[in-house]
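This is protein.cif (mmCIF, C-alpha atoms).
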data_query
loop_
_atom_site.group_PDB
_atom_site.id
_atom_site.type_symbol
_atom_site.label_atom_id
_atom_site.label_comp_id
_atom_site.auth_asym_id
_atom_site.auth_seq_id
_atom_site.Cartn_x
_atom_site.Cartn_y
_atom_site.Cartn_z
ATOM 1 C CA MET A 1 28.583 131.165 78.030
ATOM 2 C CA LYS A 2 25.653 133.542 77.575
ATOM 3 C CA ILE A 3 22.234 131.851 77.697
ATOM 4 C CA THR A 4 18.999 133.667 76.813
ATOM 5 C CA VAL A 5 15.422 132.418 77.064
ATOM 6 C CA LEU A 6 13.159 134.334 74.671
ATOM 7 C CA ASP A 7 9.697 133.193 75.811
ATOM 8 C CA GLY A 8 9.927 131.441 79.145
ATOM 9 C CA HIS A 9 6.444 132.112 80.505
ATOM 10 C CA ALA A 10 4.610 129.242 78.794
ATOM 11 C CA ALA A 11 6.982 126.552 80.048
ATOM 12 C CA ASN A 12 7.504 128.167 83.429
ATOM 13 C CA PRO A 13 5.165 130.919 84.624
ATOM 14 C CA GLY A 14 6.959 130.824 87.968
ATOM 15 C CA ASP A 15 5.921 127.558 89.600
ATOM 16 C CA ILE A 16 9.101 125.602 88.795
ATOM 17 C CA SER A 17 12.822 126.360 88.878
ATOM 18 C CA TRP A 18 15.179 127.479 86.108
ATOM 19 C CA GLU A 19 18.186 126.715 88.317
ATOM 20 C CA ALA A 20 19.455 123.683 86.363
ATOM 21 C CA ILE A 21 19.841 125.925 83.291
ATOM 22 C CA ARG A 22 20.726 129.116 85.143
ATOM 23 C CA SER A 23 23.763 127.386 86.646
ATOM 24 C CA LEU A 24 25.243 126.715 83.206
ATOM 25 C CA GLY A 25 26.115 130.284 82.241
ATOM 26 C CA ASP A 26 25.241 133.973 82.186
ATOM 27 C CA PHE A 27 21.466 133.556 82.210
ATOM 28 C CA THR A 28 18.773 135.988 81.020
ATOM 29 C CA ILE A 29 15.093 135.198 80.714
ATOM 30 C CA TYR A 30 12.273 137.059 78.972
ATOM 31 C CA GLU A 31 8.685 136.066 79.654
ATOM 32 C CA ARG A 32 7.718 136.917 76.081
ATOM 33 C CA SER A 33 9.500 138.502 73.108
ATOM 34 C CA PRO A 34 7.725 140.449 70.361
ATOM 35 C CA GLU A 35 8.989 139.781 66.850
ATOM 36 C CA ASP A 36 10.722 143.151 66.561
ATOM 37 C CA LYS A 37 12.764 142.509 69.732
ATOM 38 C CA VAL A 38 14.071 139.023 68.977
ATOM 39 C CA VAL A 39 17.387 140.025 67.344
ATOM 40 C CA GLU A 40 18.063 142.633 70.010
ATOM 41 C CA ARG A 41 17.395 140.183 72.827
ATOM 42 C CA ILE A 42 19.494 137.431 71.317
ATOM 43 C CA GLY A 43 22.306 139.970 70.984
ATOM 44 C CA ASP A 44 25.632 138.252 71.558
ATOM 45 C CA SER A 45 24.109 135.182 73.201
ATOM 46 C CA ASP A 46 25.837 131.866 72.593
ATOM 47 C CA ILE A 47 22.774 129.820 73.501
ATOM 48 C CA VAL A 48 19.118 130.648 72.955
ATOM 49 C CA LEU A 49 16.132 128.755 74.309
ATOM 50 C CA LEU A 50 12.636 129.254 72.972
ATOM 51 C CA ASN A 51 9.243 127.683 72.642
ATOM 52 C CA LYS A 52 7.197 129.342 69.898
ATOM 53 C CA ILE A 53 9.430 132.247 68.834
ATOM 54 C CA LYS A 54 10.233 131.969 65.123
ATOM 55 C CA ILE A 55 13.936 131.934 64.285
ATOM 56 C CA THR A 56 14.256 132.729 60.607
ATOM 57 C CA ARG A 57 17.218 132.837 58.259
ATOM 58 C CA GLU A 58 17.166 136.633 58.535
ATOM 59 C CA ILE A 59 17.379 136.525 62.323
ATOM 60 C CA ILE A 60 20.192 133.978 62.197
ATOM 61 C CA SER A 61 22.186 136.215 59.825
ATOM 62 C CA GLN A 62 22.031 139.040 62.394
ATOM 63 C CA CYS A 63 23.212 136.942 65.345
ATOM 64 C CA PRO A 64 26.793 135.888 64.487
ATOM 65 C CA ASN A 65 27.627 134.691 68.006
ATOM 66 C CA LEU A 66 24.773 132.189 68.139
ATOM 67 C CA LYS A 67 26.005 128.617 68.518
ATOM 68 C CA TYR A 68 23.033 126.701 69.893
ATOM 69 C CA ILE A 69 19.236 126.897 69.748
ATOM 70 C CA GLY A 70 17.277 124.771 72.192
ATOM 71 C CA VAL A 71 13.575 124.377 71.430
ATOM 72 C CA LEU A 72 11.596 123.834 74.630
ATOM 73 C CA ALA A 73 9.186 121.480 72.867
ATOM 74 C CA THR A 74 9.184 118.421 70.645
ATOM 75 C CA GLY A 75 8.160 120.261 67.474
ATOM 76 C CA TYR A 76 10.886 122.473 65.997
ATOM 77 C CA ASN A 77 9.213 123.902 62.886
ATOM 78 C CA VAL A 78 9.646 127.434 64.303
ATOM 79 C CA VAL A 79 13.389 127.243 63.566
ATOM 80 C CA ASP A 80 14.927 127.433 60.085
ATOM 81 C CA THR A 81 17.072 124.355 60.623
ATOM 82 C CA GLU A 82 18.590 124.520 57.136
ATOM 83 C CA ALA A 83 19.971 128.004 57.814
ATOM 84 C CA CYS A 84 21.230 126.836 61.205
ATOM 85 C CA HIS A 85 23.055 123.882 59.696
ATOM 86 C CA GLU A 86 24.669 126.167 57.131
ATOM 87 C CA LYS A 87 25.955 128.404 59.952
ATOM 88 C CA GLY A 88 27.042 125.488 62.134
ATOM 89 C CA ILE A 89 24.407 126.240 64.765
ATOM 90 C CA THR A 90 23.258 123.210 66.756
ATOM 91 C CA VAL A 91 19.482 122.864 67.183
ATOM 92 C CA THR A 92 17.957 120.513 69.758
ATOM 93 C CA ASN A 93 14.457 119.652 70.871
ATOM 94 C CA ILE A 94 12.839 117.852 73.809
ATOM 95 C CA PRO A 95 11.491 114.495 72.614
ATOM 96 C CA ALA A 96 9.060 112.235 74.476
ATOM 97 C CA TYR A 97 8.763 114.390 77.609
ATOM 98 C CA SER A 98 4.961 114.739 77.526
ATOM 99 C CA THR A 99 3.804 111.268 76.499
ATOM 100 C CA ASP A 100 1.952 110.447 79.717
ATOM 101 C CA ALA A 101 0.426 113.907 80.058
ATOM 102 C CA VAL A 102 -0.933 114.080 76.513
ATOM 103 C CA ALA A 103 -2.329 110.549 76.653
ATOM 104 C CA GLN A 104 -4.030 111.490 79.923
ATOM 105 C CA HIS A 105 -5.559 114.536 78.240
ATOM 106 C CA VAL A 106 -6.961 112.374 75.446
ATOM 107 C CA PHE A 107 -8.901 110.375 78.011
ATOM 108 C CA ALA A 108 -9.968 113.509 79.858
ATOM 109 C CA PHE A 109 -11.655 114.520 76.600
ATOM 110 C CA MET A 110 -13.038 111.041 76.009
ATOM 111 C CA LEU A 111 -14.492 110.784 79.505
ATOM 112 C CA ALA A 112 -15.919 114.283 79.260
ATOM 113 C CA PHE A 113 -18.050 113.095 76.363
ATOM 114 C CA SER A 114 -18.872 109.664 77.784
ATOM 115 C CA ASN A 115 -19.644 110.595 81.422
ATOM 116 C CA ARG A 116 -20.671 114.269 81.171
ATOM 117 C CA VAL A 117 -19.351 114.946 84.678
ATOM 118 C CA ALA A 118 -19.047 118.735 84.326
ATOM 119 C CA GLU A 119 -22.587 119.167 83.010
ATOM 120 C CA HIS A 120 -24.118 117.003 85.728
ATOM 121 C CA SER A 121 -22.130 118.644 88.500
ATOM 122 C CA ALA A 122 -23.276 122.065 87.288
ATOM 123 C CA SER A 123 -26.863 120.803 87.249
ATOM 124 C CA VAL A 124 -26.605 119.504 90.806
ATOM 125 C CA HIS A 125 -25.133 122.795 92.046
ATOM 126 C CA ALA A 126 -27.940 124.624 90.251
ATOM 127 C CA GLY A 127 -30.406 122.785 92.526
ATOM 128 C CA ASP A 128 -31.755 120.305 89.978
ATOM 129 C CA TRP A 129 -31.113 117.237 92.156
ATOM 130 C CA ILE A 130 -32.757 118.872 95.129
ATOM 131 C CA LYS A 131 -35.913 119.380 93.074
ATOM 132 C CA ASN A 132 -35.789 115.974 91.352
ATOM 133 C CA PRO A 133 -38.524 113.433 92.261
ATOM 134 C CA ASP A 134 -36.194 110.463 91.618
ATOM 135 C CA PHE A 135 -32.950 109.415 93.268
ATOM 136 C CA CYS A 136 -31.074 109.993 89.998
ATOM 137 C CA TYR A 137 -31.360 111.620 86.591
ATOM 138 C CA TRP A 138 -29.196 112.242 83.544
ATOM 139 C CA LEU A 139 -29.163 115.139 81.141
ATOM 140 C CA SER A 140 -27.871 113.237 78.115
ATOM 141 C CA PRO A 141 -27.002 109.633 77.250
ATOM 142 C CA LEU A 142 -24.006 108.232 79.140
ATOM 143 C CA THR A 143 -21.612 105.840 77.445
ATOM 144 C CA GLU A 144 -19.404 102.949 78.535
ATOM 145 C CA LEU A 145 -15.976 102.974 76.906
ATOM 146 C CA SER A 146 -15.565 99.235 77.328
ATOM 147 C CA GLY A 147 -16.334 97.528 74.053
ATOM 148 C CA LYS A 148 -16.107 100.722 72.017
ATOM 149 C CA THR A 149 -13.618 101.106 69.177
ATOM 150 C CA LEU A 150 -10.852 103.687 69.366
ATOM 151 C CA GLY A 151 -9.108 104.614 66.132
ATOM 152 C CA ILE A 152 -5.597 106.027 66.506
ATOM 153 C CA PHE A 153 -4.173 107.939 63.546
ATOM 154 C CA GLY A 154 -0.396 107.851 64.024
ATOM 155 C CA PHE A 155 1.335 105.473 66.393
ATOM 156 C CA GLY A 156 4.387 107.120 67.935
ATOM 157 C CA ASN A 157 5.067 107.287 71.670
ATOM 158 C CA ILE A 158 1.832 109.074 72.516
ATOM 159 C CA GLY A 159 -0.338 106.973 70.227
ATOM 160 C CA GLN A 160 1.087 103.814 71.772
ATOM 161 C CA LYS A 161 0.435 105.116 75.283
ATOM 162 C CA VAL A 162 -3.158 105.968 74.335
ATOM 163 C CA ALA A 163 -3.583 102.426 72.991
ATOM 164 C CA LYS A 164 -2.283 100.955 76.238
ATOM 165 C CA ILE A 165 -4.792 102.937 78.296
ATOM 166 C CA ALA A 166 -7.594 102.067 75.871
ATOM 167 C CA HIS A 167 -6.838 98.354 76.220
ATOM 168 C CA ALA A 168 -6.953 98.714 80.013
ATOM 169 C CA MET A 169 -10.434 100.222 79.665
ATOM 170 C CA GLY A 170 -11.628 97.338 77.510
ATOM 171 C CA MET A 171 -11.665 99.173 74.198
ATOM 172 C CA ASN A 172 -10.908 97.758 70.770
ATOM 173 C CA VAL A 173 -8.032 99.615 69.085
ATOM 174 C CA LEU A 174 -7.592 100.317 65.386
ATOM 175 C CA VAL A 175 -4.407 101.998 64.172
ATOM 176 C CA HIS A 176 -3.386 103.712 60.971
ATOM 177 C CA VAL A 177 0.360 104.217 60.555
ATOM 178 C CA HIS A 178 2.421 105.580 57.668
ATOM 179 C CA SER A 179 5.022 102.825 57.949
ATOM 180 C CA GLU A 180 5.002 99.266 59.225
ATOM 181 C CA LYS A 181 5.079 98.830 62.999
ATOM 182 C CA SER A 182 4.883 95.786 65.214
ATOM 183 C CA PHE A 183 1.814 95.757 67.433
ATOM 184 C CA THR A 184 2.104 94.010 70.777
ATOM 185 C CA GLY A 185 -1.166 95.002 72.446
ATOM 186 C CA GLY A 186 -3.688 93.504 70.053
ATOM 187 C CA GLU A 187 -4.126 96.578 67.852
ATOM 188 C CA LYS A 188 -5.397 96.130 64.316
ATOM 189 C CA SER A 189 -3.815 98.028 61.415
ATOM 190 C CA VAL A 190 -6.346 99.575 59.025
ATOM 191 C CA THR A 191 -6.526 102.081 56.194
ATOM 192 C CA THR A 192 -7.438 105.701 56.798
ATOM 193 C CA GLU A 193 -10.916 105.088 55.389
ATOM 194 C CA GLU A 194 -11.501 102.061 57.620
ATOM 195 C CA LEU A 195 -10.308 103.985 60.670
ATOM 196 C CA PHE A 196 -12.775 106.817 60.122
ATOM 197 C CA ARG A 197 -15.613 104.481 59.191
ATOM 198 C CA GLN A 198 -15.308 101.946 62.036
ATOM 199 C CA SER A 199 -14.253 104.008 65.069
ATOM 200 C CA ASP A 200 -16.459 105.278 67.882
ATOM 201 C CA PHE A 201 -13.630 107.590 68.955
ATOM 202 C CA ILE A 202 -10.747 108.810 66.792
ATOM 203 C CA SER A 203 -7.597 110.273 68.318
ATOM 204 C CA LEU A 204 -5.029 112.045 66.126
ATOM 205 C CA HIS A 205 -1.333 111.482 66.885
ATOM 206 C CA ALA A 206 0.464 112.061 63.591
ATOM 207 C CA PRO A 207 3.037 114.756 62.801
ATOM 208 C CA LEU A 208 1.928 117.531 60.463
ATOM 209 C CA THR A 209 3.294 116.830 56.985
ATOM 210 C CA SER A 210 2.159 117.429 53.428
ATOM 211 C CA GLU A 211 0.539 113.982 53.550
ATOM 212 C CA THR A 212 -1.297 114.465 56.863
ATOM 213 C CA SER A 213 -2.328 118.119 56.433
ATOM 214 C CA GLU A 214 -6.132 118.309 56.761
ATOM 215 C CA ILE A 215 -6.441 114.525 56.910
ATOM 216 C CA VAL A 216 -9.698 115.361 58.653
ATOM 217 C CA ASN A 217 -11.789 116.913 55.902
ATOM 218 C CA GLU A 218 -15.280 116.737 54.413
ATOM 219 C CA LYS A 219 -14.525 113.373 52.839
ATOM 220 C CA THR A 220 -13.164 111.655 55.953
ATOM 221 C CA LEU A 221 -15.745 113.281 58.238
ATOM 222 C CA ALA A 222 -18.493 111.906 55.988
ATOM 223 C CA LEU A 223 -17.185 108.393 56.711
ATOM 224 C CA MET A 224 -17.621 108.772 60.478
ATOM 225 C CA LYS A 225 -20.512 107.405 62.502
ATOM 226 C CA PRO A 226 -22.953 110.138 63.610
ATOM 227 C CA GLU A 227 -22.288 109.124 67.248
ATOM 228 C CA ALA A 228 -18.493 109.240 66.846
ATOM 229 C CA ILE A 229 -16.151 111.645 68.645
ATOM 230 C CA LEU A 230 -12.978 113.132 67.121
ATOM 231 C CA ILE A 231 -10.043 114.158 69.343
ATOM 232 C CA ASN A 232 -6.988 116.190 68.328
ATOM 233 C CA THR A 233 -4.050 116.664 70.689
ATOM 234 C CA ALA A 234 -1.450 116.575 67.897
ATOM 235 C CA ARG A 235 -1.417 119.523 65.474
ATOM 236 C CA GLY A 236 -4.170 121.918 64.455
ATOM 237 C CA GLY A 237 -3.239 121.608 60.789
ATOM 238 C CA LEU A 238 -4.323 117.971 60.710
ATOM 239 C CA VAL A 239 -7.896 119.235 60.636
ATOM 240 C CA ASP A 240 -9.957 121.298 58.211
ATOM 241 C CA GLU A 241 -11.640 123.344 60.927
ATOM 242 C CA LYS A 242 -14.366 124.694 58.657
ATOM 243 C CA ALA A 243 -15.332 121.160 57.692
ATOM 244 C CA VAL A 244 -15.414 120.113 61.351
ATOM 245 C CA ARG A 245 -17.646 123.074 62.242
ATOM 246 C CA LYS A 246 -20.025 122.164 59.417
ATOM 247 C CA ALA A 247 -20.138 118.545 60.601
ATOM 248 C CA LEU A 248 -20.899 119.657 64.169
ATOM 249 C CA ASP A 249 -23.571 122.138 63.088
ATOM 250 C CA ASN A 250 -25.261 119.452 60.978
ATOM 251 C CA LYS A 251 -24.799 116.747 63.653
ATOM 252 C CA LYS A 252 -22.852 114.562 61.247
ATOM 253 C CA ILE A 253 -20.541 113.687 64.160
ATOM 254 C CA ALA A 254 -21.325 113.737 67.876
ATOM 255 C CA GLY A 255 -18.407 115.870 69.021
ATOM 256 C CA TYR A 256 -14.962 117.317 68.541
ATOM 257 C CA ALA A 257 -12.324 117.873 71.207
ATOM 258 C CA ALA A 258 -9.039 119.657 70.602
ATOM 259 C CA ASP A 259 -6.090 120.957 72.570
ATOM 260 C CA VAL A 260 -4.572 122.394 69.391
ATOM 261 C CA ILE A 261 -5.989 124.585 66.637
ATOM 262 C CA LEU A 262 -4.661 126.026 63.417
ATOM 263 C CA HIS A 263 -3.931 129.513 64.800
ATOM 264 C CA GLU A 264 -2.750 129.811 68.398
ATOM 265 C CA PRO A 265 -3.797 131.702 70.383
ATOM 266 C CA MET A 266 -7.309 131.410 68.969
ATOM 267 C CA ASN A 267 -8.665 134.120 66.703
ATOM 268 C CA ALA A 268 -12.166 135.433 67.260
ATOM 269 C CA ASP A 269 -13.123 134.286 63.757
ATOM 270 C CA SER A 270 -12.011 130.690 64.329
ATOM 271 C CA PRO A 271 -14.596 128.245 62.929
ATOM 272 C CA LEU A 272 -14.389 126.336 66.213
ATOM 273 C CA TYR A 273 -15.218 129.291 68.450
ATOM 274 C CA LYS A 274 -18.506 128.524 70.239
ATOM 275 C CA ALA A 275 -19.098 125.478 68.050
ATOM 276 C CA PRO A 276 -21.694 123.004 69.378
ATOM 277 C CA SER A 277 -20.517 119.755 70.994
ATOM 278 C CA CYS A 278 -16.961 121.066 70.873
ATOM 279 C CA LEU A 279 -14.487 120.899 73.766
ATOM 280 C CA LEU A 280 -11.423 123.119 73.440
ATOM 281 C CA THR A 281 -8.485 123.533 75.801
ATOM 282 C CA PRO A 282 -5.727 126.132 75.274
ATOM 283 C CA HIS A 283 -2.821 123.826 74.311
ATOM 284 C CA ILE A 284 -2.341 122.530 77.858
ATOM 285 C CA ALA A 285 -2.069 118.761 77.375
ATOM 286 C CA TRP A 286 1.720 119.077 77.819
ATOM 287 C CA ALA A 287 1.486 121.429 80.795
ATOM 288 C CA PRO A 288 1.232 119.483 84.080
ATOM 289 C CA LYS A 289 3.878 120.677 86.521
ATOM 290 C CA GLU A 290 5.666 117.335 86.521
ATOM 291 C CA THR A 291 5.832 117.371 82.728
ATOM 292 C CA ARG A 292 7.281 120.872 82.566
ATOM 293 C CA GLU A 293 9.852 120.019 85.246
ATOM 294 C CA ARG A 294 10.880 117.075 83.094
ATOM 295 C CA LEU A 295 11.111 119.361 80.055
ATOM 296 C CA LEU A 296 13.445 121.842 81.745
ATOM 297 C CA GLY A 297 15.539 118.990 83.118
ATOM 298 C CA ILE A 298 16.014 117.549 79.628
ATOM 299 C CA ALA A 299 16.757 121.044 78.272
ATOM 300 C CA ALA A 300 19.521 121.446 80.859
ATOM 301 C CA GLU A 301 20.997 118.050 79.992
ATOM 302 C CA ASN A 302 20.886 118.955 76.286
ATOM 303 C CA ILE A 303 22.942 122.086 76.971
ATOM 304 C CA LYS A 304 25.418 120.202 79.167
ATOM 305 C CA ALA A 305 25.917 117.613 76.439
ATOM 306 C CA PHE A 306 26.496 120.369 73.863
ATOM 307 C CA LEU A 307 29.041 122.128 76.107
ATOM 308 C CA ASN A 308 30.848 118.802 76.552
ATOM 309 C CA GLY A 309 31.059 118.300 72.798
ATOM 310 C CA LYS A 310 28.549 115.445 72.786
ATOM 311 C CA ALA A 311 25.347 117.129 71.593
ATOM 312 C CA ARG A 312 22.182 115.068 71.904
ATOM 313 C CA ASN A 313 18.585 115.395 70.716
ATOM 314 C CA VAL A 314 19.924 117.256 67.675
ATOM 315 C CA VAL A 315 17.466 117.982 64.872
#
Rewrite the coordinates I just gave you, this time as structure tokens.
Amino acid sequence: MKITVLDGHAANPGDISWEAIRSLGDFTIYERSPEDKVVERIGDSDIVLLNKIKITREIISQCPNLKYIGVLATGYNVVDTEACHEKGITVTNIPAYSTDAVAQHVFAFMLAFSNRVAEHSASVHAGDWIKNPDFCYWLSPLTELSGKTLGIFGFGNIGQKVAKIAHAMGMNVLVHVHSEKSFTGGEKSVTTEELFRQSDFISLHAPLTSETSEIVNEKTLALMKPEAILINTARGGLVDEKAVRKALDNKKIAGYAADVILHEPMNADSPLYKAPSCLLTPHIAWAPKETRERLLGIAAENIKAFLNGKARNVV
């Protein structure tokens, strides 16, 4: 069984092992694959693994030996699943592997705004504390999370984990969900408008669909408190980035934090580039070593299940 990884660097730049997958067949890995090399590199592979490489209907038509595509992520929109189903190609993803890591990243953002640790540490190392006449000082207002209201838009695995952490920190939790869910932690279900209007922090955790595309826009941003913070670790397309930049420039909201943007990697003309009160990380919420080890372990088990005729995590 010939197994090819088309863009292995993001999931594993060399700090973890491919052995669980390597042991399953004739294994070839490419760190990255330009678009014009994808068909050539798939070649006569039976199994292809990828992260962000787009597998189109045209590519599928040129790879007659392809039997299985394993997406090394939860989202699988890079693969034309309809064309795969027509050709009998199994497509799998990696669900729920990064729940803890992404929820942790949400609070890294939240605490960055509330405690301003990086700014104060930089100030101390610049000599400001040495020169200060008092035993303490602060560069900007500091905020307690306890008693604040966190609005969660979308309430899947990650949203639920974020709620659990928020409750532990004494926060009130509002949730907007597309369908009915049972809440066990004291969350309150609200409309989209109520969520944006009442929350001190808003964290996005919905999939990108026609209904959720640019759910953050001029209208919903106008509902937010001027001291509110918006956090996006879900999908860049949930946000109208131009509207967010305008809101930040005009101080209509206090801050925006995102691990995802509309075009990745970032373009120099991105509205968010060098925006004020804006924290951006390069899509790393999923990337702790433990999380990536879990991802490759699940990927290996997905392949084993497929080879045994009992495919799992099929999309």
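The point (22.0, 119.3, 83.5) has these residues within 7 Å of it when all atoms listed in the file are used: Ala20, Ile21, Gly297, Ala300, Glu301 and Lys304 of chain A.
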List the spatial neighbours of stretch 85-99 of chain A as a list in words - criterion: any atom at most 7 Å away, all atoms listed in the file, same-chain residues fewer than 5 positions off excluded.
Leu66, Lys67, Tyr68, Ile69, Gly70, Val71, Leu72, Ala73, Thr74, Tyr76, Asn157, Ile158, Trp286, Thr291, Arg294, Leu295, Ile298, Ala299, Asn313, Val314 and Val315 of chain A
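Proximity of A:Val48, A:Met169, A:Val239, A:Ala122 to A:Phe27, computed with only C-alpha atoms, is greatest for A:Val48.
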Spatial neighbours of A:Glu58, 12 Å, all atoms listed in the file, chain gap at least 3 places, as a list in words:
Val38, Val39, Lys54, Ile55, Ser61, Gln62, Cys63, Pro64, Val79, Asp80, Ala83 and Cys84 of chain A
Which residues are near A:Val260? Cut-off 9 Å, all atoms listed in the file, ignore same chain within fewer than 5 positions. Put them as number ranges by chain.
A: 232-237, 280-284
Expand the PyMOL selection byres ((chain A and resi 273) around 12) into the individual residues it matches in the shown file, reporting them as a PDB file with C-alpha atoms, keeping the file's coordinate frame.
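Produced file result-v3.pdb, reproduced below:
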ATOM      1  CA  GLU A 241     -11.640 123.344  60.927  1.00  0.00           C
ATOM      2  CA  LYS A 242     -14.366 124.694  58.657  1.00  0.00           C
ATOM      3  CA  VAL A 244     -15.414 120.113  61.351  1.00  0.00           C
ATOM      4  CA  ARG A 245     -17.646 123.074  62.242  1.00  0.00           C
ATOM      5  CA  LEU A 248     -20.899 119.657  64.169  1.00  0.00           C
ATOM      6  CA  TYR A 256     -14.962 117.317  68.541  1.00  0.00           C
ATOM      7  CA  ALA A 258      -9.039 119.657  70.602  1.00  0.00           C
ATOM      8  CA  ILE A 261      -5.989 124.585  66.637  1.00  0.00           C
ATOM      9  CA  HIS A 263      -3.931 129.513  64.800  1.00  0.00           C
ATOM     10  CA  PRO A 265      -3.797 131.702  70.383  1.00  0.00           C
ATOM     11  CA  MET A 266      -7.309 131.410  68.969  1.00  0.00           C
ATOM     12  CA  ASN A 267      -8.665 134.120  66.703  1.00  0.00           C
ATOM     13  CA  ALA A 268     -12.166 135.433  67.260  1.00  0.00           C
ATOM     14  CA  ASP A 269     -13.123 134.286  63.757  1.00  0.00           C
ATOM     15  CA  SER A 270     -12.011 130.690  64.329  1.00  0.00           C
ATOM     16  CA  PRO A 271     -14.596 128.245  62.929  1.00  0.00           C
ATOM     17  CA  LEU A 272     -14.389 126.336  66.213  1.00  0.00           C
ATOM     18  CA  LYS A 274     -18.506 128.524  70.239  1.00  0.00           C
ATOM     19  CA  ALA A 275     -19.098 125.478  68.050  1.00  0.00           C
ATOM     20  CA  PRO A 276     -21.694 123.004  69.378  1.00  0.00           C
ATOM     21  CA  SER A 277     -20.517 119.755  70.994  1.00  0.00           C
ATOM     22  CA  CYS A 278     -16.961 121.066  70.873  1.00  0.00           C
ATOM     23  CA  LEU A 279     -14.487 120.899  73.766  1.00  0.00           C
ATOM     24  CA  LEU A 280     -11.423 123.119  73.440  1.00  0.00           C
ATOM     25  CA  THR A 281      -8.485 123.533  75.801  1.00  0.00           C
TER      26      THR A 281
END
Excluding A:His167 and any residue of its chain fewer than 2 positions from it, enumerate the residues within 10 Å of it, using all atoms listed in the file, and give them as a ChimeraX atom specification.
/A:146-147,150,161-165,169-173,185-187
File dump, residues just selected, C-alpha atoms, as a PDB file, keeping the file's coordinate frame:
ATOM      1  CA  SER A 146     -15.565  99.235  77.328  1.00  0.00           C
ATOM      2  CA  GLY A 147     -16.334  97.528  74.053  1.00  0.00           C
ATOM      3  CA  LEU A 150     -10.852 103.687  69.366  1.00  0.00           C
ATOM      4  CA  LYS A 161       0.435 105.116  75.283  1.00  0.00           C
ATOM      5  CA  VAL A 162      -3.158 105.968  74.335  1.00  0.00           C
ATOM      6  CA  ALA A 163      -3.583 102.426  72.991  1.00  0.00           C
ATOM      7  CA  LYS A 164      -2.283 100.955  76.238  1.00  0.00           C
ATOM      8  CA  ILE A 165      -4.792 102.937  78.296  1.00  0.00           C
ATOM      9  CA  MET A 169     -10.434 100.222  79.665  1.00  0.00           C
ATOM     10  CA  GLY A 170     -11.628  97.338  77.510  1.00  0.00           C
ATOM     11  CA  MET A 171     -11.665  99.173  74.198  1.00  0.00           C
ATOM     12  CA  ASN A 172     -10.908  97.758  70.770  1.00  0.00           C
ATOM     13  CA  VAL A 173      -8.032  99.615  69.085  1.00  0.00           C
ATOM     14  CA  GLY A 185      -1.166  95.002  72.446  1.00  0.00           C
ATOM     15  CA  GLY A 186      -3.688  93.504  70.053  1.00  0.00           C
ATOM     16  CA  GLU A 187      -4.126  96.578  67.852  1.00  0.00           C
TER      17      GLU A 187
END
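For the pair atom CA of A:Val106 and atom CA of A:Cys136, the interatomic distance is 28.3 Å.
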(-23.2, 113.8, 56.4) in this file's frame - what residues fall within 9 Å of it? Use all atoms listed in the file and give the answer as a JSON list (two decimals) with C-alpha atoms, keeping the file's coordinate frame.
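Okay, out.json is ready:
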[["chain", "number", "residue", "atom", "x", "y", "z"],
["A", 218, "GLU", "CA", -15.28, 116.74, 54.41],
["A", 221, "LEU", "CA", -15.74, 113.28, 58.24],
["A", 222, "ALA", "CA", -18.49, 111.91, 55.99],
["A", 223, "LEU", "CA", -17.18, 108.39, 56.71],
["A", 224, "MET", "CA", -17.62, 108.77, 60.48],
["A", 226, "PRO", "CA", -22.95, 110.14, 63.61],
["A", 247, "ALA", "CA", -20.14, 118.54, 60.60],
["A", 250, "ASN", "CA", -25.26, 119.45, 60.98],
["A", 251, "LYS", "CA", -24.80, 116.75, 63.65],
["A", 252, "LYS", "CA", -22.85, 114.56, 61.25],
["A", 253, "ILE", "CA", -20.54, 113.69, 64.16]]
